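**Q** Just one file: target.txt, with compact mmCIF, C-alpha atoms and all ligand atoms.
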```
# COMPACT_ATOMS: atom_id res chain seq x y z
CA MET A 1 127.21 -20.14 -9.05
CA ARG A 2 129.45 -17.17 -9.79
CA SER A 3 128.61 -13.61 -8.88
CA ILE A 4 128.60 -10.68 -11.31
CA ASP A 5 131.52 -9.25 -9.35
CA ALA A 6 133.78 -12.03 -10.71
CA ILE A 7 133.09 -11.34 -14.42
CA GLY A 8 136.02 -10.04 -16.43
CA THR A 9 135.38 -6.89 -18.45
CA PRO A 10 134.30 -5.79 -20.95
CA ALA A 11 131.30 -8.13 -20.80
CA LEU A 12 127.79 -8.19 -22.20
CA LEU A 13 125.26 -8.75 -19.40
CA LEU A 14 121.78 -10.08 -20.07
CA ASP A 15 119.23 -9.74 -17.28
CA LEU A 16 116.99 -12.80 -17.56
CA ASP A 17 114.17 -11.39 -15.44
CA ILE A 18 113.86 -8.35 -17.69
CA LEU A 19 114.17 -10.41 -20.89
CA GLU A 20 111.38 -12.76 -19.81
CA ARG A 21 109.17 -9.82 -18.92
CA ASN A 22 109.77 -8.16 -22.30
CA LEU A 23 109.04 -11.36 -24.22
CA ALA A 24 105.83 -12.02 -22.30
CA ARG A 25 104.62 -8.43 -22.72
CA MET A 26 105.11 -8.39 -26.50
CA ALA A 27 103.55 -11.85 -26.88
CA GLN A 28 100.53 -10.54 -24.99
CA ARG A 29 100.42 -7.41 -27.15
CA ALA A 30 100.47 -9.40 -30.37
CA ALA A 31 97.69 -11.65 -29.07
CA THR A 32 95.60 -8.63 -28.06
CA LEU A 33 96.14 -7.03 -31.48
CA GLY A 34 95.19 -10.31 -33.18
CA VAL A 35 98.45 -10.96 -35.06
CA LEU A 36 101.00 -13.74 -35.04
CA LEU A 37 104.42 -12.81 -33.68
CA ARG A 38 107.49 -13.61 -35.75
CA PRO A 39 110.30 -11.95 -33.76
CA HIS A 40 113.36 -10.65 -35.57
CA VAL A 41 116.29 -12.52 -34.02
CA LYS A 42 118.96 -10.26 -35.51
CA THR A 43 118.68 -8.40 -32.19
CA HIS A 44 120.00 -11.33 -30.14
CA LYS A 45 121.42 -13.91 -32.62
CA CYS A 46 120.93 -16.49 -29.88
CA PRO A 47 118.95 -19.75 -30.20
CA GLU A 48 118.37 -19.94 -26.43
CA ILE A 49 116.52 -16.62 -26.62
CA GLY A 50 114.69 -17.70 -29.77
CA ASN A 51 113.46 -20.74 -27.86
CA LEU A 52 112.16 -18.48 -25.10
CA GLN A 53 110.28 -16.52 -27.78
CA LEU A 54 108.76 -19.68 -29.22
CA ALA A 55 107.80 -20.80 -25.71
CA ALA A 56 106.10 -17.42 -25.23
CA GLY A 57 104.00 -18.10 -28.34
CA ALA A 58 105.99 -16.87 -31.36
CA ALA A 59 104.87 -18.46 -34.62
CA GLY A 60 108.31 -18.53 -36.24
CA ILE A 61 111.30 -16.23 -36.51
CA THR A 62 112.73 -13.54 -38.78
CA VAL A 63 116.44 -13.22 -39.62
CA SER A 64 118.48 -10.66 -41.50
CA THR A 65 121.35 -12.85 -42.68
CA LEU A 66 121.52 -16.27 -44.27
CA TYR A 67 124.04 -17.27 -41.60
CA GLU A 68 121.46 -16.53 -38.90
CA ALA A 69 118.94 -18.63 -40.82
CA GLU A 70 121.38 -21.53 -41.05
CA VAL A 71 122.40 -21.36 -37.38
CA PHE A 72 118.82 -21.24 -36.16
CA ALA A 73 117.85 -24.07 -38.54
CA ASP A 74 120.71 -26.12 -37.09
CA HIS A 75 119.17 -25.48 -33.66
CA GLY A 76 115.77 -26.83 -34.71
CA PHE A 77 113.97 -23.68 -35.88
CA ASP A 78 111.95 -24.76 -38.91
CA ASP A 79 109.93 -21.68 -39.90
CA ILE A 80 112.16 -18.74 -40.80
CA THR A 81 111.74 -15.60 -42.91
CA TRP A 82 114.95 -14.10 -44.29
CA ALA A 83 113.67 -10.52 -44.28
CA PHE A 84 116.38 -8.97 -46.41
CA PRO A 85 116.27 -8.27 -50.15
CA LEU A 86 117.52 -11.44 -51.85
CA ILE A 87 121.30 -11.55 -52.31
CA HIS A 88 121.83 -13.10 -55.72
CA SER A 89 125.22 -14.58 -54.91
CA ARG A 90 123.62 -16.53 -52.01
CA ILE A 91 120.68 -18.03 -53.90
CA ASP A 92 122.09 -21.55 -54.04
CA ASP A 93 122.70 -21.59 -50.27
CA ALA A 94 119.21 -20.21 -49.66
CA LEU A 95 117.66 -22.86 -51.90
CA ALA A 96 119.59 -25.58 -50.07
CA LEU A 97 118.21 -24.29 -46.75
CA ALA A 98 114.69 -24.11 -48.20
CA ARG A 99 114.88 -27.86 -48.81
CA ARG A 100 115.44 -28.40 -45.05
CA ILE A 101 112.97 -25.96 -43.44
CA LYS A 102 110.07 -23.65 -44.24
CA LEU A 103 112.06 -20.64 -45.46
CA GLY A 104 110.57 -17.38 -46.70
CA LEU A 105 112.62 -15.19 -49.04
CA VAL A 106 112.01 -11.51 -49.79
CA ILE A 107 112.26 -9.72 -53.13
CA ASP A 108 111.40 -6.26 -54.44
CA SER A 109 112.75 -6.34 -58.00
CA PRO A 110 112.10 -8.08 -61.32
CA GLU A 111 115.75 -9.17 -61.35
CA ALA A 112 115.33 -11.07 -58.08
CA LEU A 113 112.07 -12.63 -59.28
CA GLN A 114 113.73 -13.74 -62.49
CA ALA A 115 116.72 -15.18 -60.62
CA LEU A 116 114.54 -17.21 -58.26
CA ALA A 117 112.17 -18.38 -60.96
CA THR A 118 115.02 -19.70 -63.09
CA ARG A 119 117.24 -21.15 -60.33
CA HIS A 120 114.68 -22.87 -58.11
CA GLN A 121 114.05 -26.49 -58.97
CA GLY A 122 112.44 -29.18 -56.92
CA PRO A 123 109.06 -30.40 -55.88
CA ASP A 124 108.24 -27.94 -53.09
CA PRO A 125 107.20 -24.39 -53.94
CA LEU A 126 109.55 -21.72 -52.61
CA ARG A 127 107.88 -19.15 -50.32
CA VAL A 128 108.50 -15.64 -51.66
CA TRP A 129 107.42 -12.39 -50.01
CA LEU A 130 107.12 -9.10 -51.83
CA LYS A 131 108.63 -6.22 -49.88
CA VAL A 132 106.55 -3.03 -49.86
CA ASP A 133 107.75 0.43 -48.90
CA CYS A 134 105.29 1.69 -46.27
CA GLY A 135 107.00 5.08 -45.88
CA TYR A 136 110.50 4.32 -44.59
CA HIS A 137 111.86 4.54 -48.17
CA ARG A 138 114.78 2.19 -47.49
CA ALA A 139 113.66 -0.70 -49.70
CA GLY A 140 110.49 -2.17 -51.14
CA VAL A 141 108.13 -1.42 -54.00
CA ASP A 142 105.93 1.65 -54.03
CA PRO A 143 102.51 0.45 -52.87
CA GLN A 144 100.79 2.70 -55.46
CA SER A 145 102.93 1.52 -58.35
CA GLN A 146 102.18 -0.87 -61.17
CA GLN A 147 105.26 -2.79 -60.02
CA LEU A 148 103.38 -3.95 -56.91
CA VAL A 149 100.87 -5.77 -59.09
CA THR A 150 103.40 -6.93 -61.68
CA LEU A 151 105.75 -8.49 -59.14
CA ALA A 152 103.03 -10.04 -56.97
CA GLY A 153 101.44 -11.48 -60.11
CA GLY A 154 104.84 -12.66 -61.34
CA ILE A 155 105.55 -14.54 -58.11
CA THR A 156 102.06 -16.06 -58.13
CA GLU A 157 102.40 -17.28 -61.69
CA ALA A 158 106.00 -18.49 -61.62
CA ALA A 159 106.24 -22.27 -61.58
CA GLY A 160 107.89 -23.40 -58.36
CA LEU A 161 107.22 -20.17 -56.43
CA ALA A 162 104.49 -19.56 -53.88
CA PHE A 163 103.44 -16.00 -53.11
CA ALA A 164 103.65 -15.78 -49.30
CA GLY A 165 102.29 -12.25 -49.08
CA ILE A 166 103.49 -8.68 -48.63
CA LEU A 167 105.95 -7.53 -45.99
CA THR A 168 107.19 -4.17 -44.74
CA HIS A 169 109.27 -2.57 -41.97
CA SER A 170 108.36 0.77 -40.41
CA GLY A 171 111.93 1.95 -39.76
CA HIS A 172 110.72 5.54 -39.89
CA ALA A 173 109.15 4.89 -36.47
CA TYR A 174 112.70 5.54 -35.19
CA HIS A 175 112.06 9.22 -35.96
CA ALA A 176 108.76 9.25 -34.07
CA TYR A 177 109.00 10.51 -30.50
CA GLY A 178 106.34 9.72 -27.93
CA ASP A 179 103.26 7.50 -28.04
CA ASN A 180 101.24 9.67 -30.41
CA GLU A 181 103.90 9.95 -33.10
CA ARG A 182 104.77 6.23 -32.91
CA ARG A 183 101.07 5.34 -33.02
CA ALA A 184 100.65 7.48 -36.14
CA VAL A 185 103.49 5.63 -37.89
CA ALA A 186 102.03 2.28 -36.83
CA GLU A 187 98.66 3.26 -38.26
CA GLN A 188 100.24 4.53 -41.48
CA GLU A 189 102.15 1.23 -41.84
CA ARG A 190 98.93 -0.72 -41.25
CA SER A 191 96.78 1.28 -43.62
CA VAL A 192 99.37 1.30 -46.45
CA MET A 193 99.71 -2.47 -46.21
CA VAL A 194 95.99 -3.17 -45.96
CA SER A 195 95.38 -0.98 -49.03
CA ALA A 196 98.18 -2.66 -50.97
CA ALA A 197 96.77 -6.09 -50.14
CA GLN A 198 93.31 -4.92 -51.21
CA ARG A 199 94.65 -3.63 -54.53
CA LEU A 200 96.21 -7.02 -55.23
CA ARG A 201 93.09 -8.91 -54.18
CA ASP A 202 90.95 -6.65 -56.36
CA GLY A 203 93.23 -7.67 -59.24
CA GLY A 204 92.61 -11.35 -58.54
CA ILE A 205 95.88 -12.06 -56.70
CA GLU A 206 95.57 -14.05 -53.51
CA VAL A 207 97.45 -12.40 -50.61
CA ALA A 208 97.75 -14.96 -47.84
CA GLU A 209 99.70 -12.85 -45.36
CA VAL A 210 100.45 -9.23 -44.55
CA SER A 211 103.53 -8.76 -42.35
CA VAL A 212 104.61 -5.55 -40.56
CA GLY A 213 106.87 -4.65 -37.75
CA SER A 214 109.25 -2.52 -35.81
CA THR A 215 109.54 -2.18 -32.06
CA PRO A 216 108.61 1.52 -31.83
CA ALA A 217 105.47 0.92 -33.92
CA MET A 218 104.49 -2.36 -32.25
CA THR A 219 104.68 -0.84 -28.77
CA ALA A 220 102.27 1.93 -29.82
CA ALA A 221 99.89 0.37 -32.39
CA GLU A 222 96.23 0.62 -31.46
CA SER A 223 94.91 -1.62 -34.20
CA LEU A 224 96.45 -4.13 -36.57
CA ASP A 225 93.22 -5.00 -38.35
CA GLY A 226 93.96 -6.57 -41.72
CA ILE A 227 97.51 -7.55 -40.69
CA SER A 228 98.44 -11.18 -40.11
CA GLU A 229 101.85 -11.04 -38.40
CA ALA A 230 104.32 -8.64 -36.77
CA ARG A 231 108.11 -8.93 -36.71
CA PRO A 232 109.53 -6.70 -33.95
CA GLY A 233 113.06 -7.57 -32.81
CA ASN A 234 114.53 -4.96 -30.52
CA TYR A 235 111.75 -5.37 -27.92
CA ALA A 236 113.57 -8.38 -26.45
CA PHE A 237 116.23 -6.06 -25.02
CA TYR A 238 115.21 -2.45 -25.72
CA ASP A 239 117.92 0.22 -25.28
CA TYR A 240 118.46 3.92 -24.69
CA THR A 241 117.06 4.88 -28.09
CA GLN A 242 113.80 3.06 -27.32
CA CYS A 243 113.64 4.82 -23.94
CA VAL A 244 113.85 8.21 -25.65
CA LEU A 245 111.26 7.22 -28.28
CA GLY A 246 108.98 6.13 -25.44
CA SER A 247 108.79 2.45 -26.45
CA CYS A 248 110.01 1.37 -23.02
CA ARG A 249 111.25 2.56 -19.63
CA PRO A 250 114.89 2.39 -18.53
CA GLU A 251 114.05 -0.57 -16.26
CA ASP A 252 112.99 -2.56 -19.36
CA CYS A 253 116.50 -2.58 -20.85
CA ALA A 254 117.72 -6.17 -20.63
CA VAL A 255 121.32 -5.85 -21.85
CA SER A 256 124.15 -3.69 -20.58
CA VAL A 257 127.90 -3.58 -20.97
CA LEU A 258 129.98 -4.17 -17.85
CA THR A 259 133.20 -2.18 -18.00
CA SER A 260 136.06 -1.07 -15.72
CA VAL A 261 137.94 2.17 -15.32
CA VAL A 262 141.52 1.54 -16.51
CA SER A 263 142.92 5.07 -16.46
CA ARG A 264 142.06 8.25 -14.56
CA MET A 265 142.75 11.68 -16.04
CA PRO A 266 142.06 15.06 -14.41
CA GLN A 267 138.68 15.53 -16.12
CA HIS A 268 137.72 12.07 -17.33
CA SER A 269 138.28 8.34 -17.06
CA ILE A 270 139.05 5.67 -19.60
CA VAL A 271 137.05 2.43 -19.58
CA ASP A 272 137.48 -0.80 -21.54
CA ALA A 273 134.29 -0.30 -23.55
CA GLY A 274 135.01 1.47 -26.82
CA ALA A 275 133.43 1.32 -30.25
CA LEU A 276 134.07 -2.42 -30.49
CA ALA A 277 131.96 -2.96 -27.38
CA MET A 278 129.23 -0.32 -27.73
CA SER A 279 129.17 0.22 -31.53
CA LEU A 280 129.34 3.71 -33.03
CA ASP A 281 125.61 4.34 -32.88
CA PRO A 282 125.35 7.97 -31.73
CA GLY A 283 121.97 7.42 -30.06
CA PRO A 284 118.94 9.63 -30.11
CA ASP A 285 120.25 12.74 -28.34
CA ARG A 286 121.19 14.80 -31.37
CA ASP A 287 122.15 17.90 -29.35
CA ALA A 288 124.47 16.12 -26.95
CA ALA A 289 125.32 12.86 -28.67
CA ALA A 290 126.73 10.35 -26.21
CA MET A 291 127.64 6.70 -26.53
CA GLY A 292 125.50 5.46 -23.66
CA PRO A 293 124.11 6.38 -20.25
CA ILE A 294 125.68 4.80 -17.17
CA TYR A 295 123.87 3.11 -14.29
CA ALA A 296 124.18 4.27 -10.70
CA ASN A 297 124.63 1.65 -7.96
CA ASP A 298 120.89 1.50 -7.26
CA GLY A 299 120.16 0.43 -10.86
CA SER A 300 118.76 3.79 -12.00
CA LEU A 301 120.57 5.86 -14.63
CA ASP A 302 123.14 8.24 -13.15
CA PRO A 303 122.20 11.74 -14.38
CA GLU A 304 125.81 12.94 -14.04
CA LEU A 305 127.73 10.10 -15.68
CA ARG A 306 127.90 9.12 -19.34
CA LEU A 307 130.11 7.48 -21.89
CA ALA A 308 131.03 10.67 -23.71
CA SER A 309 132.88 9.21 -26.69
CA VAL A 310 134.70 6.12 -27.92
CA SER A 311 137.70 5.09 -29.94
CA GLN A 312 138.31 1.50 -30.97
CA GLU A 313 138.79 -0.08 -27.52
CA HIS A 314 138.83 3.02 -25.28
CA GLY A 315 135.69 4.56 -23.87
CA ILE A 316 135.82 8.06 -22.38
CA VAL A 317 133.65 8.63 -19.31
CA ASN A 318 132.96 12.26 -18.44
CA ARG A 319 134.20 12.06 -14.80
CA ALA A 320 137.51 11.25 -13.11
CA LEU A 321 136.83 7.95 -11.32
CA PRO A 322 139.19 5.65 -9.40
CA VAL A 323 140.95 3.04 -11.51
CA GLY A 324 139.22 -0.30 -11.02
CA THR A 325 135.72 1.20 -10.66
CA ARG A 326 133.19 -1.07 -12.38
CA LEU A 327 130.38 0.55 -14.35
CA ARG A 328 127.42 -0.64 -16.38
CA ILE A 329 126.52 1.14 -19.60
CA MET A 330 123.13 1.06 -21.33
CA PRO A 331 123.60 0.68 -25.11
CA ASN A 332 122.30 3.32 -27.45
CA HIS A 333 121.33 0.50 -29.83
CA SER A 334 121.29 -2.96 -28.29
CA CYS A 335 121.24 -4.86 -31.62
CA LEU A 336 124.56 -3.31 -32.66
CA THR A 337 126.11 -3.61 -29.20
CA VAL A 338 125.25 -7.30 -28.95
CA ALA A 339 126.84 -7.87 -32.36
CA CYS A 340 130.16 -6.67 -30.85
CA PHE A 341 130.30 -9.61 -28.40
CA ASP A 342 130.81 -13.37 -28.62
CA GLU A 343 128.67 -14.27 -25.62
CA TYR A 344 126.09 -13.13 -23.12
CA HIS A 345 126.71 -13.37 -19.41
CA VAL A 346 123.17 -14.27 -18.38
CA VAL A 347 122.36 -13.00 -14.91
CA ARG A 348 119.46 -13.07 -12.48
CA GLY A 349 119.73 -10.83 -9.48
CA GLY A 350 123.43 -10.77 -8.65
CA ASP A 351 124.10 -14.31 -9.94
CA LEU A 352 125.72 -15.38 -13.17
CA LEU A 353 123.60 -18.25 -14.52
CA HIS A 354 124.73 -19.02 -18.08
CA HIS A 355 127.01 -18.15 -20.96
CA TRP A 356 125.02 -17.99 -24.19
CA LYS A 357 126.76 -17.63 -27.54
CA VAL A 358 126.05 -14.68 -29.85
CA HIS A 359 126.08 -16.27 -33.33
CA ARG A 360 127.63 -13.57 -35.46
CA GLY A 361 128.07 -14.04 -39.17
CA ARG A 362 126.68 -13.32 -42.59
C1 LIG B 1 112.91 -6.02 -42.29
C2 LIG B 1 112.86 -5.81 -40.82
N1 LIG B 1 111.85 -6.32 -40.12
C3 LIG B 1 111.75 -6.15 -38.78
C4 LIG B 1 112.71 -5.44 -38.08
C5 LIG B 1 112.58 -5.30 -36.59
O1 LIG B 1 112.56 -3.97 -36.18
P1 LIG B 1 112.86 -3.57 -34.66
O2 LIG B 1 114.23 -4.00 -34.36
O3 LIG B 1 112.60 -2.13 -34.58
O4 LIG B 1 111.88 -4.33 -33.81
C6 LIG B 1 113.79 -4.89 -38.79
C7 LIG B 1 114.81 -4.10 -38.10
O5 LIG B 1 115.69 -3.50 -38.67
C8 LIG B 1 113.88 -5.08 -40.19
O6 LIG B 1 114.89 -4.57 -40.91
```
Give the structure from this file in structure tokens form.
Ligand SMILES: Cc1ncc(COP(=O)(O)O)c(C=O)c1O
**A**
Amino acid sequence: MRSIDAIGTPALLLDLDILERNLARMAQRAATLGVLLRPHVKTHKCPEIGNLQLAAGAAGITVSTLYEAEVFADHGFDDITWAFPLIHSRIDDALALARRIKLGLVIDSPEALQALATRHQGPDPLRVWLKVDCGYHRAGVDPQSQQLVTLAGGITEAAGLAFAGILTHSGHAYHAYGDNERRAVAEQERSVMVSAAQRLRDGGIEVAEVSVGSTPAMTAAESLDGISEARPGNYAFYDYTQCVLGSCRPEDCAVSVLTSVVSRMPQHSIVDAGALAMSLDPGPDRDAAAMGPIYANDGSLDPELRLASVSQEHGIVNRALPVGTRLRIMPNHSCLTVACFDEYHVVRGGDLLHHWKVHRGR
């Protein structure tokens, strides 16, 4: 077994103890709130981690790209929602995958409905979700609009399509700081979706499922009455942003970037973790944006040290440190940081246990 000290940098470290704890805690939360858990695997892009989520009780998975859906299907995952507005140029590939596994597709426009209704052929109905805008205003139909009813009715009536239900994402929970604000967003998401489902049911449309989810909302929600499933993703790893929002504590962050000082200047050091290791996510500290806090030797965050800025491969640390010093950086946004790497170095304690591939692609 190799030790962490032997790992070449830059490297993505995954702490298995923390990951397992995070997965168990969210599985418990979903069970307590009475919803199925369908984790979003865009955070980790890693079938080994998806299998841990299924073992912890997840009912299926969510992906954001068709490539992720195909990779996970190739690894035996057979119940996948592609929670991204349908990409018309990928419909044939999506339909081919839907013949192999239970695949849910998401639409929020008449054009997408029309494209699916005309292109899908075959004996098995295609599962189609209608995306609803619960207040994030990124995508989805207005829950008060006539379009909600028209599109849900259109999916229900189209030959070959099966209306899976309505789905939303409370991305605006990323602007909610502290338990009370996140709880308020979670409740808004819940109540908007329950009302939208009721409107459809009152109009005679059967709504089998109501799907919500973001990590900041899921970690704060008090009730998910009327909701059938939740799709948080980031909770597997958490990150500095989630710490500031109050979704987690620093000791819950499961991934970090191991880096080394390669150059010492009078006022700062250069490390081998730049934008192509950390991403360019500026993090939640709007007044003093930084690219990631740095751990002290005892595993806490060092209040003095930080990754101040990045260029492509260079990271600038705000202190002059000896060349060769090894540091660990907490990502501002773990989903984007992970997507910069080809593999995880999976560690427990000081030991390197596994290399797990990050399946990047679209
Ligand atoms: C459609 C959709 N569902 C679920 C999620 C999961 O959210 P989070 O990573 O906050 O848990 C996302 C994240 O972007 C998303 O876009």
**Q** Mind pulling up the distance from CA of Arg138 (chain A) to CA of Gly361 (chain A)?
**A**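 Those two atoms sit 22.6 Å apart.
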**Q** Give me, as a list of chain:residue names, all polymer residues having an atom no more than 6 Å from region 124-137 of chain A, counting all atoms listed in the file and skipping those fewer than 6 positions away in the same chain.
**A**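 The residues satisfying every condition are A:Gly104, A:Leu105, A:Val106, A:Ile107, A:Asp108, A:Gly160, A:Leu161, A:Ala162, A:Phe163, A:Ala164, A:Gly165, A:Ile166, A:Leu167, A:Thr168, A:Ser170, A:Gly171, A:His172, A:Glu189, A:Val192.
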**Q** List the neighbours of region 98-102 of chain A out to 12 Å using only C-alpha atoms; skip same-chain residues closer than 4 positions along the sequence, and give me the result as number ranges by chain.
**A** A: 60-62, 66, 69-70, 72-82, 91-94, 120-128, 161-162, 164
**Q** What is the CA of Gly226 (chain A)-CA of Glu209 (chain A) distance in Å, reported with one decimal?
**A**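 Pair CA of Gly226 (chain A) / CA of Glu209 (chain A) returns 9.3 Å.
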**Q** Grab me every residue within 7 Å of ligand LIG 1 (chain B), counting only C-alpha atoms and all ligand atoms, and send it over as a list in words.
**A** His40, Thr43, Ala83, Phe84, Thr168, His169, Gly171, Gly213, Ser214, Thr215, Pro216, Arg231, Pro232, Gly233, Asn234 and Tyr235 of chain A
**Q** Mind giving me the straight-line distance from CA of Arg328 (chain A) to CA of Gly8 (chain A) in Å, one decimal?
**A**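 Taking CA of Arg328 (chain A) as the start and CA of Gly8 (chain A) as the end point, the length is 12.7 Å.
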**Q** Measuring atom to atom with all atoms listed in the file, identify which of A:Ala96, A:Leu16, A:Ile155, A:Ala308 is nearest to Ala112 (chain A).
**A**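 Of A:Ala96, A:Leu16, A:Ile155, A:Ala308, the one nearest Ala112 (chain A), counting all atoms listed in the file, is A:Ile155.
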**Q** Please identify all polymer residues within 12 Å of Gln198 (chain A), counting only C-alpha atoms, omitting same-chain residues fewer than 4 positions from it, and present them as a PyMOL selection string.
**A** chain A and resi 143-144+148-149+165-166+191-194+202-210+226-227
**Q** Have a look at A:Ala30, A:Val310, A:Leu224, A:Ala186 and name the one nearest to Leu276 (chain A); count all atoms listed in the file.
**A** A:Val310
**Q** Find the spatial neighbours of Leu353 (chain A), counting all atoms listed in the file, within a cut-off of 12 Å - ignore same-chain residues fewer than 2 positions away - and output them as a list in words.
**A**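 Residues near the query, excluding close chain neighbours: Met1, Arg2, Ser3, Ile4, Ile7, Leu13, Leu14, Asp15, Leu16, Asp17, Tyr344, His345, Val346, Val347, Arg348, Gly349, Gly350, Asp351, His355 and Trp356 of chain A.
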**Q** Calculated over all atoms listed in the file, which of the candidates A:Leu327, A:Ile270, A:Glu187, A:Pro282 has the smallest distance to Asp302 (chain A)?
**A**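 When distances to Asp302 (chain A) are compared using all atoms listed in the file, the smallest one comes from A:Leu327.
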**Q** So that I can check the surroundings of region 254-265 of chain A, please list as a PyMOL selection string every protein, DNA and RNA residue that reaches within 9 Å of it, counting all atoms listed in the file and ignoring chain neighbours fewer than 3 positions away.
**A** chain A and resi 7-19+22+236-239+251+268-273+277-278+317+319-331+334+337-338+344
**Q** Please determine, counting only C-alpha atoms, which residue among A:Val358, A:Asn318, A:Arg21, A:Leu37 has the shortest atom-to-atom distance to Ser228 (chain A).
**A** A:Leu37
**Q** Could you give me the axis-aligned bounding box of region 274-278 of chain A, with 6 Å of padding per side, as centre plus edge lengths in Å to one decimal, as JSON?
**A**
```
{"center_x": 132.1, "center_y": -0.7, "center_z": -28.7, "size_x": 17.8, "size_y": 16.4, "size_z": 15.7}
```
**Q** Measuring atom to atom with all atoms listed in the file, identify which of A:Val244, A:Ala173, A:Leu352, A:Cys335 is nearest to Cys46 (chain A).
**A**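 The closest residue to Cys46 (chain A) is A:Cys335.
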**Q** From the set A:Pro85, A:Asp285, A:Glu222, A:Ala117, which residue has the shortest atom-to-atom contact distance to Gly140 (chain A), counting all atoms listed in the file?
**A** A:Pro85
**Q** Kindly reconstruct region 342-355 of chain A with N, CA and C atoms and present the result as an mmCIF file, keeping the file's coordinate frame.
**A**
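Generated output (part-v8.cif):
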```cif
data_model
loop_
_atom_site.group_PDB
_atom_site.id
_atom_site.type_symbol
_atom_site.label_atom_id
_atom_site.label_comp_id
_atom_site.auth_asym_id
_atom_site.auth_seq_id
_atom_site.Cartn_x
_atom_site.Cartn_y
_atom_site.Cartn_z
ATOM 1 N N ASP A 342 130.921 -11.948 -28.292
ATOM 2 C CA ASP A 342 130.810 -13.370 -28.620
ATOM 3 C C ASP A 342 129.829 -14.103 -27.728
ATOM 4 N N GLU A 343 129.572 -13.554 -26.529
ATOM 5 C CA GLU A 343 128.670 -14.270 -25.620
ATOM 6 C C GLU A 343 127.970 -13.316 -24.678
ATOM 7 N N TYR A 344 126.814 -13.815 -24.196
ATOM 8 C CA TYR A 344 126.090 -13.130 -23.120
ATOM 9 C C TYR A 344 126.527 -13.730 -21.796
ATOM 10 N N HIS A 345 126.680 -12.896 -20.783
ATOM 11 C CA HIS A 345 126.710 -13.370 -19.410
ATOM 12 C C HIS A 345 125.277 -13.196 -18.904
ATOM 13 N N VAL A 346 124.597 -14.311 -18.720
ATOM 14 C CA VAL A 346 123.170 -14.270 -18.380
ATOM 15 C C VAL A 346 123.037 -14.238 -16.863
ATOM 16 N N VAL A 347 122.405 -13.191 -16.356
ATOM 17 C CA VAL A 347 122.360 -13.000 -14.910
ATOM 18 C C VAL A 347 120.919 -12.879 -14.424
ATOM 19 N N ARG A 348 120.738 -13.283 -13.175
ATOM 20 C CA ARG A 348 119.460 -13.070 -12.480
ATOM 21 C C ARG A 348 119.823 -12.576 -11.101
ATOM 22 N N GLY A 349 119.277 -11.417 -10.732
ATOM 23 C CA GLY A 349 119.730 -10.830 -9.480
ATOM 24 C C GLY A 349 121.228 -10.585 -9.589
ATOM 25 N N GLY A 350 121.977 -10.973 -8.574
ATOM 26 C CA GLY A 350 123.430 -10.770 -8.650
ATOM 27 C C GLY A 350 124.168 -11.997 -9.150
ATOM 28 N N ASP A 351 123.444 -13.038 -9.595
ATOM 29 C CA ASP A 351 124.100 -14.310 -9.940
ATOM 30 C C ASP A 351 124.281 -14.480 -11.439
ATOM 31 N N LEU A 352 125.439 -15.035 -11.777
ATOM 32 C CA LEU A 352 125.720 -15.380 -13.170
ATOM 33 C C LEU A 352 125.215 -16.803 -13.416
ATOM 34 N N LEU A 353 124.226 -16.938 -14.321
ATOM 35 C CA LEU A 353 123.600 -18.250 -14.520
ATOM 36 C C LEU A 353 124.168 -19.019 -15.714
ATOM 37 N N HIS A 354 124.363 -18.319 -16.845
ATOM 38 C CA HIS A 354 124.730 -19.020 -18.080
ATOM 39 C C HIS A 354 125.674 -18.140 -18.918
ATOM 40 N N HIS A 355 126.350 -18.824 -19.833
ATOM 41 C CA HIS A 355 127.010 -18.150 -20.960
ATOM 42 C C HIS A 355 126.282 -18.594 -22.200
#
```
